[in-house]
>>> print(open('entry_30.txt').read())   # compact mmCIF, C-alpha atoms
# COMPACT_ATOMS: atom_id res chain seq x y z
CA MET A 8 -21.18 19.70 -19.84
CA ARG A 9 -19.57 16.42 -18.73
CA GLU A 10 -16.55 15.04 -16.97
CA SER A 11 -13.74 13.58 -19.03
CA LEU A 12 -14.18 10.14 -20.54
CA ARG A 13 -10.84 9.24 -19.00
CA MET A 14 -12.11 9.95 -15.49
CA GLN A 15 -15.36 8.13 -16.17
CA ALA A 16 -13.26 5.01 -16.69
CA VAL A 17 -11.67 5.32 -13.23
CA GLN A 18 -13.32 3.26 -10.52
CA ALA A 19 -14.87 5.09 -7.56
CA PRO A 20 -12.60 4.87 -4.49
CA ILE A 21 -14.10 2.22 -2.24
CA ILE A 22 -13.03 3.60 1.15
CA PRO A 23 -15.34 6.66 0.95
CA VAL A 24 -18.18 4.46 -0.35
CA VAL A 25 -17.90 2.09 2.59
CA GLY A 26 -17.36 5.08 4.88
CA GLU A 27 -20.77 6.46 3.90
CA LEU A 28 -22.37 3.13 4.78
CA ILE A 29 -20.60 3.16 8.14
CA ARG A 30 -21.84 6.68 8.90
CA ALA A 31 -25.37 5.64 7.98
CA ASN A 32 -25.15 2.76 10.48
CA PRO A 33 -23.85 4.19 13.77
CA GLY A 34 -21.96 1.78 15.98
CA THR A 35 -20.37 -0.09 13.08
CA ILE A 36 -16.86 -1.40 13.76
CA SER A 37 -14.64 -0.93 10.73
CA LEU A 38 -12.41 -3.73 9.54
CA GLY A 39 -12.09 -1.76 6.34
CA GLN A 40 -9.58 1.06 6.11
CA GLY A 41 -5.91 0.20 6.38
CA VAL A 42 -4.37 2.43 9.03
CA ALA A 43 -2.26 1.79 12.13
CA TYR A 44 -3.87 2.00 15.56
CA TYR A 45 -1.21 4.39 16.88
CA GLY A 46 -0.03 7.91 16.10
CA PRO A 47 3.44 9.41 15.58
CA PRO A 48 6.14 9.38 18.28
CA PRO A 49 6.33 12.50 20.50
CA GLU A 50 9.59 13.43 18.78
CA ALA A 51 7.63 14.17 15.60
CA ALA A 52 5.65 16.94 17.30
CA ALA A 53 8.76 18.21 19.09
CA SER A 54 10.55 18.54 15.76
CA ILE A 55 7.88 20.97 14.59
CA GLN A 56 9.38 23.51 16.99
CA THR A 57 12.47 23.50 14.76
CA PHE A 58 10.22 24.18 11.81
CA LEU A 59 8.57 27.12 13.59
CA ALA A 60 11.88 28.62 14.69
CA ASP A 61 12.89 29.46 11.12
CA PRO A 62 10.59 31.88 9.23
CA GLN A 63 12.04 30.62 5.95
CA ASN A 64 10.23 27.34 6.54
CA HIS A 65 6.95 29.05 5.69
CA LYS A 66 8.19 29.51 2.13
CA TYR A 67 8.56 26.96 -0.65
CA ARG A 68 11.38 24.47 -0.23
CA LEU A 69 13.12 22.07 -2.61
CA VAL A 70 10.83 19.95 -4.79
CA GLN A 71 12.65 16.77 -3.72
CA GLY A 72 12.52 17.45 0.04
CA ILE A 73 14.41 19.21 2.81
CA PRO A 74 18.07 18.19 3.33
CA GLY A 75 17.55 16.98 6.91
CA LEU A 76 14.88 14.48 5.87
CA LEU A 77 16.80 13.38 2.79
CA ASP A 78 19.79 12.60 5.03
CA CYS A 79 17.62 10.52 7.38
CA ILE A 80 16.15 8.60 4.46
CA GLU A 81 19.53 7.92 2.85
CA LYS A 82 20.88 6.47 6.12
CA LYS A 83 17.75 4.39 6.63
CA LEU A 84 17.91 2.95 3.10
CA ALA A 85 21.53 1.91 3.54
CA GLN A 86 21.11 0.39 7.01
CA GLU A 87 17.73 -1.30 6.66
CA ASN A 88 17.13 -1.95 2.97
CA GLY A 89 20.62 -2.44 1.60
CA ILE A 90 19.98 0.35 -0.91
CA HIS A 91 23.13 2.41 -1.39
CA LEU A 92 22.41 5.25 -3.76
CA ASP A 93 24.22 4.68 -7.06
CA ARG A 94 22.98 6.79 -9.96
CA GLN A 95 19.77 7.18 -7.94
CA ARG A 96 17.88 10.00 -6.26
CA VAL A 97 15.49 10.22 -3.33
CA VAL A 98 12.38 12.34 -3.83
CA VAL A 99 10.14 13.02 -0.82
CA THR A 100 6.46 12.79 -1.75
CA ALA A 101 3.06 13.40 -0.19
CA GLY A 102 2.74 9.70 0.62
CA ALA A 103 3.52 6.60 -1.44
CA ASN A 104 0.38 7.12 -3.56
CA MET A 105 1.86 10.33 -4.93
CA GLY A 106 5.14 8.52 -5.53
CA PHE A 107 3.31 5.97 -7.65
CA MET A 108 1.49 8.66 -9.64
CA ASN A 109 4.81 10.47 -10.17
CA ALA A 110 6.36 7.28 -11.47
CA VAL A 111 3.53 6.45 -13.86
CA LEU A 112 3.50 9.94 -15.37
CA ALA A 113 7.30 9.95 -15.69
CA ILE A 114 7.69 6.61 -17.48
CA THR A 115 4.55 6.16 -19.61
CA ASP A 116 2.82 7.65 -22.63
CA PRO A 117 -0.90 7.29 -23.40
CA GLY A 118 -1.64 3.76 -24.54
CA ASP A 119 1.28 2.16 -22.72
CA GLU A 120 0.73 -0.83 -20.43
CA VAL A 121 1.64 -1.46 -16.79
CA ILE A 122 1.47 -4.93 -15.26
CA LEU A 123 -0.28 -5.31 -11.91
CA ASN A 124 -0.43 -8.58 -10.02
CA LEU A 125 -3.88 -9.63 -8.85
CA PRO A 126 -5.16 -8.67 -6.41
CA TYR A 127 -3.95 -5.14 -7.10
CA TYR A 128 -4.01 -2.08 -4.85
CA PHE A 129 -6.95 -0.08 -6.20
CA ASN A 130 -5.18 3.31 -6.20
CA HIS A 131 -2.48 1.85 -8.45
CA GLU A 132 -5.10 0.78 -10.97
CA MET A 133 -6.77 4.18 -10.73
CA ALA A 134 -3.50 6.06 -11.31
CA ILE A 135 -2.66 4.05 -14.42
CA THR A 136 -6.12 4.62 -15.85
CA MET A 137 -5.90 8.36 -15.15
CA ALA A 138 -2.66 8.44 -17.14
CA ASP A 139 -4.49 7.03 -20.19
CA CYS A 140 -2.58 3.78 -19.88
CA THR A 141 -3.79 0.20 -19.74
CA VAL A 142 -3.63 -2.09 -16.72
CA VAL A 143 -2.58 -5.64 -17.57
CA CYS A 144 -3.55 -7.99 -14.74
CA VAL A 145 -1.52 -11.11 -13.99
CA PRO A 146 -2.99 -13.63 -11.53
CA THR A 147 -1.11 -14.78 -8.46
CA ASP A 148 -1.38 -18.31 -7.05
CA ASP A 149 -3.81 -19.56 -4.40
CA ASN A 150 -1.74 -17.90 -1.66
CA TYR A 151 -1.47 -14.64 -3.62
CA GLN A 152 2.18 -15.28 -4.46
CA LEU A 153 3.84 -14.02 -7.64
CA GLN A 154 3.98 -16.13 -10.79
CA PRO A 155 7.05 -14.78 -12.62
CA ARG A 156 6.52 -16.91 -15.72
CA ALA A 157 3.02 -15.47 -16.17
CA ILE A 158 4.40 -11.97 -15.65
CA GLU A 159 6.98 -12.44 -18.40
CA GLN A 160 4.38 -13.85 -20.77
CA ALA A 161 2.28 -10.69 -20.31
CA ILE A 162 5.08 -8.37 -21.45
CA ASN A 163 4.91 -6.87 -24.94
CA GLN A 164 6.20 -3.80 -26.78
CA LYS A 165 3.76 -1.52 -24.94
CA THR A 166 4.76 -2.68 -21.45
CA ARG A 167 6.54 -0.03 -19.41
CA ALA A 168 6.63 -1.49 -15.90
CA VAL A 169 5.81 -4.36 -13.56
CA VAL A 170 4.48 -3.42 -10.11
CA THR A 171 5.04 -5.49 -6.99
CA ILE A 172 3.74 -4.73 -3.48
CA SER A 173 5.42 -6.56 -0.63
CA PRO A 174 4.20 -6.91 2.07
CA ASN A 175 1.02 -6.80 0.08
CA ASN A 176 -2.08 -4.68 0.25
CA PRO A 177 -4.72 -6.17 0.06
CA SER A 178 -3.64 -9.79 0.57
CA GLY A 179 -1.03 -9.59 3.34
CA ALA A 180 1.28 -11.82 1.28
CA VAL A 181 5.03 -11.29 1.59
CA TYR A 182 7.00 -12.13 -1.55
CA PRO A 183 10.18 -14.18 -1.07
CA GLU A 184 13.49 -12.64 -2.06
CA ALA A 185 13.92 -15.22 -4.83
CA ALA A 186 10.62 -14.28 -6.47
CA LEU A 187 11.36 -10.55 -6.32
CA ARG A 188 14.82 -11.12 -7.76
CA GLU A 189 13.29 -13.11 -10.61
CA VAL A 190 10.78 -10.36 -11.41
CA ASN A 191 13.54 -7.76 -11.25
CA ALA A 192 15.65 -9.79 -13.66
CA ILE A 193 12.68 -10.10 -16.03
CA CYS A 194 12.34 -6.31 -16.05
CA ARG A 195 16.03 -5.94 -16.76
CA ARG A 196 15.90 -8.38 -19.69
CA HIS A 197 12.94 -6.60 -21.27
CA GLY A 198 14.14 -3.04 -20.66
CA ILE A 199 11.18 -2.05 -18.46
CA TYR A 200 10.86 -0.67 -14.93
CA HIS A 201 10.25 -2.58 -11.73
CA ILE A 202 8.11 -0.46 -9.37
CA SER A 203 8.38 -1.85 -5.85
CA ASP A 204 5.86 -0.57 -3.28
CA GLU A 205 7.20 -1.21 0.23
CA ALA A 206 4.86 0.85 2.42
CA TYR A 207 4.37 -2.10 4.83
CA GLU A 208 8.02 -3.09 5.06
CA TYR A 209 8.06 -3.40 8.88
CA PHE A 210 4.82 -5.35 9.13
CA THR A 211 5.96 -8.97 8.91
CA TYR A 212 5.23 -11.88 11.25
CA ASP A 213 6.46 -15.30 12.35
CA GLY A 214 10.02 -14.75 11.19
CA THR A 215 9.10 -13.64 7.66
CA ARG A 216 11.59 -11.15 6.22
CA HIS A 217 11.08 -8.20 3.89
CA PHE A 218 13.33 -7.76 0.85
CA SER A 219 13.90 -4.59 -1.19
CA PRO A 220 14.52 -5.18 -4.93
CA GLY A 221 16.33 -1.83 -5.03
CA SER A 222 19.20 -3.52 -3.18
CA ILE A 223 19.92 -5.85 -6.11
CA GLN A 224 23.29 -5.07 -7.61
CA GLY A 225 23.01 -3.41 -11.01
CA SER A 226 19.28 -2.65 -10.67
CA SER A 227 19.55 1.09 -10.06
CA ASP A 228 18.75 2.15 -13.64
CA TYR A 229 15.33 0.48 -13.83
CA THR A 230 14.07 -0.05 -10.26
CA ILE A 231 11.73 2.48 -8.59
CA SER A 232 11.16 1.92 -4.87
CA LEU A 233 8.28 3.51 -2.95
CA PHE A 234 8.15 3.98 0.82
CA SER A 235 5.82 5.64 3.31
CA LEU A 236 5.71 6.82 6.91
CA SER A 237 1.91 6.47 7.00
CA LYS A 238 1.81 2.98 8.50
CA ALA A 239 5.05 2.47 10.39
CA TYR A 240 5.03 5.83 12.17
CA GLY A 241 1.28 6.45 12.41
CA PHE A 242 1.70 9.29 9.92
CA ALA A 243 -1.30 8.70 7.64
CA SER A 244 -2.72 12.25 7.58
CA TRP A 245 0.72 13.92 7.51
CA ARG A 246 1.21 12.60 3.94
CA ILE A 247 4.91 11.88 3.82
CA GLY A 248 6.61 9.16 1.81
CA TRP A 249 9.46 8.95 -0.66
CA MET A 250 10.61 7.31 -3.83
CA VAL A 251 14.04 6.04 -4.84
CA ILE A 252 14.41 6.61 -8.57
CA PRO A 253 17.02 6.23 -11.29
CA GLU A 254 18.90 9.49 -11.78
CA HIS A 255 17.69 9.75 -15.37
CA LEU A 256 14.06 10.07 -14.19
CA PHE A 257 14.68 12.94 -11.79
CA GLU A 258 13.92 15.76 -14.22
CA ALA A 259 10.62 14.19 -15.34
CA ILE A 260 9.52 13.51 -11.77
CA ARG A 261 10.54 16.99 -10.69
CA LYS A 262 8.25 18.41 -13.39
CA VAL A 263 5.32 16.32 -12.16
CA GLN A 264 5.84 17.11 -8.50
CA ASP A 265 6.46 20.82 -9.05
CA THR A 266 3.19 21.02 -10.99
CA ILE A 267 1.03 19.11 -8.51
CA LEU A 268 2.63 19.92 -5.18
CA ILE A 269 5.60 22.31 -5.62
CA CYS A 270 7.14 20.74 -2.51
CA PRO A 271 5.98 18.25 0.11
CA PRO A 272 4.46 20.02 3.16
CA VAL A 273 7.48 21.33 5.02
CA VAL A 274 5.91 21.07 8.46
CA SER A 275 5.21 17.38 7.80
CA GLN A 276 8.77 16.89 6.62
CA TRP A 277 10.12 18.31 9.88
CA ALA A 278 7.81 16.02 11.82
CA ALA A 279 9.13 13.13 9.74
CA VAL A 280 12.70 14.06 10.67
CA GLY A 281 11.77 13.74 14.34
CA ALA A 282 10.06 10.40 13.76
CA MET A 283 12.86 8.90 11.70
CA ARG A 284 15.45 9.88 14.28
CA VAL A 285 13.56 7.65 16.70
CA GLY A 286 13.84 4.92 14.08
CA ALA A 287 12.20 1.63 13.26
CA SER A 288 12.21 0.57 16.92
CA TYR A 289 9.12 2.76 17.36
CA CYS A 290 7.10 0.67 14.91
CA ARG A 291 8.51 -2.64 16.12
CA GLU A 292 7.45 -1.87 19.69
CA LYS A 293 3.89 -1.27 18.47
CA LEU A 294 3.96 -4.33 16.24
CA SER A 295 3.54 -6.74 19.17
CA VAL A 296 -0.03 -5.48 19.66
CA THR A 297 -0.81 -5.83 15.95
CA ALA A 298 0.67 -9.33 15.94
CA GLU A 299 -1.53 -10.32 18.90
CA ILE A 300 -4.63 -8.98 17.16
CA ARG A 301 -3.58 -10.82 13.99
CA ARG A 302 -3.50 -14.11 15.92
CA LEU A 303 -6.92 -13.37 17.39
CA VAL A 304 -8.46 -12.61 13.98
CA LEU A 305 -6.89 -15.67 12.38
CA SER A 306 -8.10 -17.93 15.20
CA ARG A 307 -11.69 -16.72 14.90
CA LEU A 308 -11.69 -17.02 11.10
CA ARG A 309 -10.54 -20.62 11.38
CA GLU A 310 -13.73 -21.36 13.31
CA ILE A 311 -15.69 -20.86 10.08
CA ASP A 312 -13.35 -22.65 7.69
CA ASP A 313 -16.41 -24.33 6.18
CA LEU A 314 -17.54 -20.88 5.03
CA VAL A 315 -14.26 -19.11 4.20
CA THR A 316 -10.75 -19.84 3.01
CA VAL A 317 -7.96 -17.77 4.53
CA PRO A 318 -4.79 -17.80 2.37
CA THR A 319 -1.42 -17.37 4.05
CA ALA A 320 -0.77 -13.74 5.00
CA ASP A 321 2.55 -13.09 6.76
CA GLY A 322 2.62 -9.32 6.33
CA ALA A 323 0.86 -5.96 6.39
CA PHE A 324 -2.35 -6.05 8.48
CA TYR A 325 -4.81 -7.69 6.12
CA PHE A 326 -6.44 -11.01 5.35
CA LEU A 327 -8.06 -11.34 1.93
CA ILE A 328 -10.51 -14.14 2.61
CA GLN A 329 -12.44 -16.13 0.04
CA VAL A 330 -16.08 -16.57 1.02
CA HIS A 331 -17.77 -19.76 -0.20
CA THR A 332 -20.73 -18.11 -1.87
CA HIS A 333 -21.85 -16.81 -5.23
CA MET A 334 -23.20 -13.65 -3.59
CA ASP A 335 -21.95 -10.36 -4.99
CA PRO A 336 -19.19 -9.13 -2.62
CA MET A 337 -20.61 -5.60 -2.36
CA VAL A 338 -24.04 -6.98 -1.49
CA LEU A 339 -22.40 -9.03 1.27
CA VAL A 340 -20.47 -5.99 2.52
CA ARG A 341 -23.65 -3.94 2.67
CA ARG A 342 -25.50 -6.64 4.60
CA LEU A 343 -22.65 -7.05 7.07
CA ILE A 344 -22.74 -3.31 7.79
CA GLU A 345 -26.50 -2.90 7.93
CA GLU A 346 -27.38 -6.13 9.71
CA HIS A 347 -24.30 -6.87 11.83
CA LYS A 348 -22.55 -3.49 12.25
CA VAL A 349 -19.16 -4.59 10.91
CA ALA A 350 -17.44 -3.26 7.77
CA VAL A 351 -14.99 -4.92 5.39
CA ILE A 352 -13.93 -4.18 1.79
CA PRO A 353 -15.13 -6.17 -1.26
CA GLY A 354 -12.51 -7.97 -3.32
CA THR A 355 -13.90 -6.58 -6.58
CA THR A 356 -12.19 -3.27 -5.87
CA PHE A 357 -8.85 -5.11 -5.98
CA GLY A 358 -9.54 -6.50 -9.45
CA ILE A 359 -10.84 -9.97 -8.60
CA ARG A 360 -14.38 -10.55 -9.85
CA ASP A 361 -14.65 -14.31 -10.30
CA ARG A 362 -14.82 -15.05 -6.56
CA CYS A 363 -16.36 -13.50 -3.46
CA LEU A 364 -13.44 -11.99 -1.58
CA LEU A 365 -13.42 -9.71 1.45
CA ARG A 366 -10.43 -7.74 2.77
CA VAL A 367 -10.31 -7.80 6.56
CA ALA A 368 -8.08 -5.04 8.00
CA TYR A 369 -7.04 -5.31 11.64
CA GLY A 370 -4.28 -2.71 12.01
CA ALA A 371 -6.46 0.15 13.26
CA LEU A 372 -7.96 -1.66 16.23
CA GLN A 373 -7.11 -2.22 19.86
CA LYS A 374 -7.63 -5.73 21.23
CA ASP A 375 -11.13 -5.21 22.67
CA SER A 376 -12.58 -3.57 19.56
CA ALA A 377 -10.81 -6.11 17.33
CA ALA A 378 -12.35 -8.98 19.27
CA GLU A 379 -15.82 -7.44 19.01
CA GLY A 380 -15.36 -6.64 15.31
CA ILE A 381 -14.21 -10.11 14.33
CA ASP A 382 -17.00 -11.66 16.43
CA ARG A 383 -19.53 -9.62 14.48
CA LEU A 384 -17.94 -10.65 11.19
CA VAL A 385 -17.89 -14.36 12.05
CA CYS A 386 -21.46 -14.31 13.36
CA GLY A 387 -22.62 -12.23 10.41
CA LEU A 388 -21.10 -14.55 7.84
CA ARG A 389 -22.59 -17.59 9.58
CA GLN A 390 -26.06 -16.09 9.61
CA ILE A 391 -26.05 -14.59 6.12
CA LEU A 392 -24.49 -17.58 4.34
CA ARG A 393 -26.42 -20.31 6.11
CA ASN A 394 -29.68 -18.51 5.42
CA ALA A 395 -28.82 -17.79 1.80
>>> encode(input="entry_30.txt", output="structure tokens")
Amino acid sequence: MRESLRMQAVQAPIIPVVGELIRANPGTISLGQGVAYYGPPPEAAASIQTFLADPQNHKYRLVQGIPGLLDCIEKKLAQENGIHLDRQRVVVTAGANMGFMNAVLAITDPGDEVILNLPYYFNHEMAITMADCTVVCVPTDDNYQLQPRAIEQAINQKTRAVVTISPNNPSGAVYPEAALREVNAICRRHGIYHISDEAYEYFTYDGTRHFSPGSIQGSSDYTISLFSLSKAYGFASWRIGWMVIPEHLFEAIRKVQDTILICPPVVSQWAAVGAMRVGASYCREKLSVTAEIRRLVLSRLREIDDLVTVPTADGAFYFLIQVHTHMDPMVLVRRLIEEHKVAVIPGTTFGIRDRCLLRVAYGALQKDSAAEGIDRLVCGLRQILRNA
């Protein structure tokens, strides 16, 4: 008896692996998992009372989501993203990860190819592999910015989609509107899909602006946009996101979602209605704390610029730093946890294996714990690398 060969090819999810190391070393401060430091607004919990008041809410609801949440999403897309539904549908999902899996299963056949830009988000790579498709990796530049010419050169008859993530996980890079428009135009020319993951849309700094490719005129037939409440509204465990899809994909995606989920958790959807009625101001109020912690982390990392390079990161809540060593990144991660009680994520899990990269996540921390965590990281890197 054995597991499938397909699943054997899927990488082990790194967050649980690092989590086990953290549990084995009590007192470790995690700069690993990417979550927000805050929870949902009170209106989310209050909205659950509406859910409880109707016994019908304990039964299955529409595959694509409850009408109240779909209305909130449609208004948000028009006002904030410039996406006005035209031959498109919104499908509520159990987080953006499920939206990506839905999209891959709906648009690919075994053996097809999907282009990911390096560094990739590991769950995207895992989903494509699970679908018996091939990941084609295209490098970004030294600041993790897109290289549209390289993307176009990687397209062939098996290519079904190009994936962009902006603001980016794991690098924190924010792609300029011009670059996203160029990638979207490439997809249009080649008759393939542009999957745009925008889970960190509100997390931008120093005047940097987020752009949604789904707002490009004439792009509705081939652009798939993914969104999530997990970060902006502190909704990680509630598992609510949504996808904006071309109308012609709705039946395929409905089949996938009905098989896996039937419908997104209705109680979470009602909570999401309450949160979205508060609006983006809730996240933006919290963002000042995250921005302050970002400045703190960046300042401390600059103190060891002889040991690390910190590429520009104007979004999300990550720095993907390059460590000046030939040490295996996972070995370095293990030593940081065991010897210095601070956890980060190795860059190998994001597809980059020719350099020692570490993802530093700062979104989950308050100022005091962030200061202690980054102090441990800086001191740990100094000690480990200078004694290597």
>>> closest_residue(input="entry_30.txt", among="A:Glu120, A:Glu254, A:Glu50, A:Glu379", to="Val142 in chain A", atoms="only C-alpha atoms")
A:Glu120
>>> closest_residue(input="entry_30.txt", among="A:Lys348, A:Arg362, A:Arg196, A:Lys374", to="Gly34 in chain A", atoms="all atoms listed in the file")
A:Lys348
>>> closest_residue(input="entry_30.txt", among="A:Ile73, A:Leu364, A:Ile381, A:Ala103", to="Val304 in chain A", atoms="all atoms listed in the file")
A:Ile381
>>> closest_residue(input="entry_30.txt", among="A:Pro174, A:Asp116, A:Trp277, A:Val317", to="Arg68 in chain A", atoms="only C-alpha atoms")
A:Trp277
>>> closest_residue(input="entry_30.txt", among="A:Leu305, A:Asn88, A:His255, A:His197", to="Phe234 in chain A", atoms="all atoms listed in the file")
A:Asn88
>>> residues_around(input="entry_30.txt", residues="Ile122 in chain A", least_positions_apart="5", cutoff="8 Å", atoms="all atoms listed in the file", output="PDB file with C-alpha atoms, keeping the file's coordinate frame")
ATOM      1  CA  VAL A 142      -3.630  -2.090 -16.720  1.00  0.00           C
ATOM      2  CA  VAL A 143      -2.580  -5.640 -17.570  1.00  0.00           C
ATOM      3  CA  CYS A 144      -3.550  -7.990 -14.740  1.00  0.00           C
ATOM      4  CA  VAL A 145      -1.520 -11.110 -13.990  1.00  0.00           C
ATOM      5  CA  ILE A 158       4.400 -11.970 -15.650  1.00  0.00           C
ATOM      6  CA  ALA A 161       2.280 -10.690 -20.310  1.00  0.00           C
ATOM      7  CA  ILE A 162       5.080  -8.370 -21.450  1.00  0.00           C
ATOM      8  CA  THR A 166       4.760  -2.680 -21.450  1.00  0.00           C
ATOM      9  CA  ALA A 168       6.630  -1.490 -15.900  1.00  0.00           C
ATOM     10  CA  VAL A 169       5.810  -4.360 -13.560  1.00  0.00           C
ATOM     11  CA  VAL A 170       4.480  -3.420 -10.110  1.00  0.00           C
TER      12      VAL A 170
END
>>> residues_around(input="entry_30.txt", residues="range 235-249 of chain A", least_positions_apart="2", cutoff="10 Å", atoms="all atoms listed in the file", output="PyMOL selection string")
chain A and resi 41-48+51+71-72+77+80+97-107+204-210+232-233+251-252+271-276+278-279+282-283+285-291+293-294+323-324+370-371
>>> closest_residue(input="entry_30.txt", among="A:Val190, A:Val385, A:Val367, A:Ile21", to="Met133 in chain A", atoms="only C-alpha atoms")
A:Ile21
>>> residues_around(input="entry_30.txt", residues="Arg30 in chain A", least_positions_apart="5", cutoff="12 Å", atoms="only C-alpha atoms", output="ChimeraX atom specification")
/A:23-25,35-37,344-345,348-350
>>> residues_around(input="entry_30.txt", residues="Gly221 in chain A", least_positions_apart="4", cutoff="9 Å", atoms="all atoms listed in the file", output="PyMOL selection string")
chain A and resi 88-91+203+226-227+230-232+251
>>> residues_around(input="entry_30.txt", residues="Gln154 in chain A", least_positions_apart="2", cutoff="10 Å", atoms="only C-alpha atoms", output="compact mmCIF listing (two decimals) with C-alpha atoms, keeping the file's coordinate frame")
# COMPACT_ATOMS: atom_id res chain seq x y z
CA ASN A 124 -0.43 -8.58 -10.02
CA VAL A 145 -1.52 -11.11 -13.99
CA PRO A 146 -2.99 -13.63 -11.53
CA THR A 147 -1.11 -14.78 -8.46
CA ASP A 148 -1.38 -18.31 -7.05
CA TYR A 151 -1.47 -14.64 -3.62
CA GLN A 152 2.18 -15.28 -4.46
CA ARG A 156 6.52 -16.91 -15.72
CA ALA A 157 3.02 -15.47 -16.17
CA ILE A 158 4.40 -11.97 -15.65
CA GLU A 159 6.98 -12.44 -18.40
CA ALA A 186 10.62 -14.28 -6.47
CA GLU A 189 13.29 -13.11 -10.61
CA VAL A 190 10.78 -10.36 -11.41
>>> atom_distance(input="entry_30.txt", atom1="CA of Tyr212 in chain A", atom2="CA of Leu372 in chain A")
17.4 Å
>>> residues_near_point(input="entry_30.txt", point="(-15.7, -7.0, 2.0)", cutoff="6 Å", atoms="all atoms listed in the file", output="PyMOL selection string")
chain A and resi 340+351-353+365-366
>>> atom_distance(input="entry_30.txt", atom1="CA of Arg195 in chain A", atom2="CA of Lys165 in chain A")
15.4 Å
>>> atom_distance(input="entry_30.txt", atom1="CA of Thr356 in chain A", atom2="CA of Ile172 in chain A")
16.2 Å
